[in-house]
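The data block below is my_file.csv; it holds CSV, C-alpha atoms.
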```
chain,number,residue,atom,x,y,z
A,1,MET,CA,3.1,7.0,15.0
A,2,PRO,CA,-0.3,5.7,13.9
A,3,LEU,CA,-3.5,7.7,14.2
A,4,VAL,CA,-5.3,6.2,17.2
A,5,VAL,CA,-9.1,5.9,17.3
A,6,GLU,CA,-11.1,4.2,20.0
A,7,THR,CA,-13.5,2.2,17.8
A,8,PRO,CA,-14.3,1.7,14.1
A,9,GLU,CA,-17.3,4.0,14.6
A,10,SER,CA,-14.8,6.8,15.5
A,11,LEU,CA,-13.7,6.9,11.9
A,12,LYS,CA,-16.9,8.8,11.0
A,13,ASP,CA,-15.2,12.1,12.0
A,14,LEU,CA,-12.3,11.4,9.6
A,15,VAL,CA,-14.2,11.0,6.3
A,16,GLY,CA,-12.7,13.2,3.7
A,17,ARG,CA,-9.5,13.7,5.7
A,18,GLU,CA,-5.9,12.5,5.2
A,19,ILE,CA,-5.4,9.8,7.8
A,20,ALA,CA,-1.6,9.4,7.7
A,21,MET,CA,1.6,9.7,5.7
A,22,THR,CA,3.8,6.7,6.7
A,23,GLU,CA,7.5,6.6,7.2
A,24,TRP,CA,9.8,5.6,4.4
A,25,PHE,CA,10.4,1.9,3.7
A,26,ALA,CA,13.3,0.6,1.6
A,27,VAL,CA,12.3,-2.0,-1.1
A,28,THR,CA,15.4,-4.1,-1.5
A,29,GLN,CA,16.4,-6.5,-4.2
A,30,ASP,CA,15.9,-9.3,-1.6
A,31,HIS,CA,12.2,-8.2,-1.1
A,32,ILE,CA,11.7,-8.3,-4.9
A,33,GLN,CA,13.4,-11.7,-5.3
A,34,ARG,CA,11.4,-13.3,-2.5
A,35,PHE,CA,8.2,-11.9,-3.8
A,36,ALA,CA,9.1,-13.2,-7.3
A,37,GLU,CA,9.5,-16.7,-5.9
A,38,VAL,CA,6.2,-16.6,-4.0
A,39,ILE,CA,4.2,-15.5,-7.0
A,40,GLU,CA,6.4,-17.4,-9.5
A,41,ASP,CA,7.0,-14.3,-11.6
A,42,ARG,CA,10.7,-14.3,-12.3
A,43,GLN,CA,10.7,-11.9,-15.2
A,44,TRP,CA,14.3,-10.5,-15.7
A,45,ILE,CA,13.2,-6.9,-15.1
A,46,HIS,CA,12.5,-8.0,-11.5
A,47,VAL,CA,15.2,-10.5,-10.7
A,48,ASP,CA,18.3,-9.9,-13.0
A,49,PRO,CA,20.1,-6.7,-11.8
A,50,ALA,CA,22.9,-7.1,-14.4
A,51,ARG,CA,20.6,-7.4,-17.4
A,52,ALA,CA,18.2,-4.7,-16.0
A,53,GLN,CA,21.1,-2.3,-15.7
A,54,HIS,CA,21.9,-2.7,-19.5
A,55,GLU,CA,18.5,-3.4,-21.0
A,56,SER,CA,15.8,-1.8,-18.9
A,57,PRO,CA,14.8,1.8,-19.5
A,58,TYR,CA,15.0,2.1,-15.6
A,59,ARG,CA,18.6,0.9,-15.5
A,60,SER,CA,17.7,-1.2,-12.4
A,61,THR,CA,15.4,-4.0,-11.5
A,62,ILE,CA,12.0,-2.9,-10.4
A,63,ALA,CA,9.5,-4.2,-7.9
A,64,HIS,CA,6.4,-6.0,-9.1
A,65,GLY,CA,3.4,-3.8,-9.1
A,66,PHE,CA,1.6,-6.3,-6.9
A,67,LEU,CA,4.5,-6.1,-4.4
A,68,THR,CA,4.0,-2.4,-4.1
A,69,LEU,CA,0.2,-2.9,-3.7
A,70,SER,CA,0.6,-5.7,-1.1
A,71,LEU,CA,2.8,-3.3,1.0
A,72,LEU,CA,-0.4,-1.3,1.6
A,73,SER,CA,-1.2,-3.7,4.4
A,74,ARG,CA,2.1,-3.0,6.1
A,75,PHE,CA,1.6,0.7,5.7
A,76,MET,CA,-1.9,0.6,7.0
A,77,LYS,CA,-0.7,-0.9,10.3
A,78,GLU,CA,1.6,2.1,10.6
A,79,ALA,CA,-1.1,4.5,9.7
A,80,ILE,CA,-4.0,3.7,12.0
A,81,GLU,CA,-4.8,1.9,15.2
A,82,ILE,CA,-8.3,1.0,16.3
A,83,ARG,CA,-8.1,0.4,20.1
A,84,SER,CA,-11.4,-1.5,20.7
A,85,GLY,CA,-14.6,-2.8,19.3
A,86,LEU,CA,-12.9,-4.6,16.4
A,87,ARG,CA,-13.1,-8.3,15.9
A,88,MET,CA,-11.1,-8.2,12.7
A,89,GLY,CA,-10.3,-6.1,9.7
A,90,VAL,CA,-10.5,-7.6,6.2
A,91,ASN,CA,-9.1,-6.5,2.9
A,92,TYR,CA,-12.3,-6.4,0.9
A,93,GLY,CA,-10.7,-5.5,-2.4
A,94,PHE,CA,-10.0,-2.6,-4.7
A,95,ASN,CA,-12.2,-0.4,-6.9
A,96,ARG,CA,-9.3,1.0,-8.8
A,97,VAL,CA,-5.5,0.4,-8.9
A,98,ARG,CA,-2.9,2.0,-11.1
A,99,PHE,CA,0.9,1.9,-11.2
A,100,PRO,CA,2.0,5.2,-12.8
A,101,SER,CA,5.7,4.8,-12.1
A,102,PRO,CA,8.1,1.9,-11.2
A,103,VAL,CA,9.7,1.2,-7.8
A,104,ARG,CA,13.4,0.7,-8.5
A,105,ALA,CA,15.3,-1.8,-6.3
A,106,GLY,CA,16.7,0.1,-3.3
A,107,SER,CA,14.1,2.8,-3.5
A,108,LYS,CA,12.3,4.1,-0.4
A,109,ILE,CA,8.6,4.3,-0.6
A,110,ARG,CA,5.8,5.6,1.7
A,111,ALA,CA,2.0,5.7,1.6
A,112,GLN,CA,-0.6,8.3,2.2
A,113,PHE,CA,-4.1,7.4,3.2
A,114,THR,CA,-7.2,9.5,2.9
A,115,LEU,CA,-10.6,8.1,4.2
A,116,ARG,CA,-12.9,8.6,1.2
A,117,SER,CA,-16.1,7.1,2.7
A,118,LEU,CA,-17.6,5.0,5.5
A,119,LYS,CA,-20.6,2.8,5.2
A,120,GLU,CA,-22.4,0.9,8.0
A,121,LEU,CA,-23.2,-2.7,7.3
A,122,PRO,CA,-25.2,-5.1,9.6
A,123,ASP,CA,-22.0,-6.6,11.2
A,124,ALA,CA,-19.2,-4.3,9.9
A,125,ILE,CA,-18.2,-0.9,8.8
A,126,GLU,CA,-16.8,-0.6,5.3
A,127,ALA,CA,-14.2,2.0,4.8
A,128,ILE,CA,-12.9,3.2,1.4
A,129,PHE,CA,-9.4,4.6,1.5
A,130,ASP,CA,-7.6,6.5,-1.2
A,131,ALA,CA,-4.0,5.2,-1.0
A,132,THR,CA,-1.1,6.7,-2.8
A,133,VAL,CA,2.4,5.2,-2.7
A,134,GLU,CA,5.3,7.4,-3.6
A,135,ALA,CA,9.0,6.8,-4.0
A,136,GLN,CA,11.6,9.2,-2.6
A,137,ASP,CA,12.9,11.5,-5.3
A,138,ASN,CA,10.2,10.7,-7.8
A,139,ASP,CA,7.5,13.2,-8.9
A,140,LYS,CA,4.9,10.6,-10.0
A,141,PRO,CA,3.3,8.1,-7.6
A,142,CYS,CA,4.2,4.4,-7.8
A,143,CYS,CA,0.7,3.2,-7.0
A,144,VAL,CA,-2.7,4.8,-6.5
A,145,ALA,CA,-5.6,2.7,-5.3
A,146,GLU,CA,-9.1,2.9,-4.0
A,147,TRP,CA,-9.0,0.3,-1.2
A,148,LEU,CA,-12.1,-1.2,0.6
A,149,VAL,CA,-11.5,-2.4,4.1
A,150,ARG,CA,-14.2,-4.0,6.2
A,151,TYR,CA,-14.0,-3.6,10.0
A,152,TYR,CA,-16.1,-6.3,11.7
A,153,THR,CA,-17.4,-5.2,15.1
```

Is it possible to express this structure as structure tokens?
Amino acid sequence: MPLVVETPESLKDLVGREIAMTEWFAVTQDHIQRFAEVIEDRQWIHVDPARAQHESPYRSTIAHGFLTLSLLSRFMKEAIEIRSGLRMGVNYGFNRVRFPSPVRAGSKIRAQFTLRSLKELPDAIEAIFDATVEAQDNDKPCCVAEWLVRYYT
């Protein structure tokens, strides 16, 4: 269930707090394969399960870091719902992104979001979220990012 707020301005009360921990999502070889085709990055460590099993230190294919990062949009829809006063939300970019550990094909991942800060702009509210993606049964996060989202009112 997403955290529901009435308006973008309602986010002010949540600065410094964890917004949500999402449900687990399975990253399949099919997801990885389709992403590889779209971005034209067909490196064997992503798309060749047989070779990865023998030659990769992970003994499996792994998701592209950018696939993991792009899933933040999917996870954010699960994390928060703004009921009104929002024309559109825009991914404004990232201040920092790291991929401390791989996402193996077949892994389940989830995201945690904390609202770091909120800034009022003339026609928008800029939110900065700390996002952490973790894989089930892995001690290290797969992705940590400081994500800027602009909510146009």

What's the 7 Å shell around stretch 31-38 of chain A, counting all atoms listed in the file, without same-chain residues fewer than 4 positions away, as a PDB file with C-alpha atoms, in the coordinates of the input?
```pdb
ATOM      1  CA  VAL A  27      12.300  -2.000  -1.100  1.00  0.00           C
ATOM      2  CA  ARG A  42      10.700 -14.300 -12.300  1.00  0.00           C
ATOM      3  CA  HIS A  46      12.500  -8.000 -11.500  1.00  0.00           C
ATOM      4  CA  VAL A  47      15.200 -10.500 -10.700  1.00  0.00           C
ATOM      5  CA  ALA A  63       9.500  -4.200  -7.900  1.00  0.00           C
ATOM      6  CA  LEU A  67       4.500  -6.100  -4.400  1.00  0.00           C
TER       7      LEU A  67
END
```

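For the pair atom CA of A:Ala135 and atom CA of A:Met1, the interatomic distance is 19.9 Å.
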
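Around stretch 50-59 of chain A, within 10 Å and counting all atoms listed in the file, the residues found are Trp44, Pro102, Val103 and Arg104 of chain A, once anything fewer than 6 positions away on its own chain is removed.
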
Emit the selected residues as an mmCIF file, in the frame of the given file, including C-alpha atoms.
```
data_model
loop_
_atom_site.group_PDB
_atom_site.id
_atom_site.type_symbol
_atom_site.label_atom_id
_atom_site.label_comp_id
_atom_site.auth_asym_id
_atom_site.auth_seq_id
_atom_site.Cartn_x
_atom_site.Cartn_y
_atom_site.Cartn_z
ATOM 1 C CA TRP A 44 14.300 -10.500 -15.700
ATOM 2 C CA PRO A 102 8.100 1.900 -11.200
ATOM 3 C CA VAL A 103 9.700 1.200 -7.800
ATOM 4 C CA ARG A 104 13.400 0.700 -8.500
#
```

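Among the candidates A:Glu81, A:Asp48, A:Asp137, A:Glu126, the one nearest to A:Thr7 when counting all atoms listed in the file is A:Glu81.
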
Checklist outcome for this item: For A:Ala79, the closest of A:Ile19, A:Leu14, A:Ala145, A:Leu121 counting only C-alpha atoms is A:Ile19

Checklist entry - Between atom CA of A:Thr68 and atom CA of A:Met88, what is the spacing in Å? => result 23.3 Å
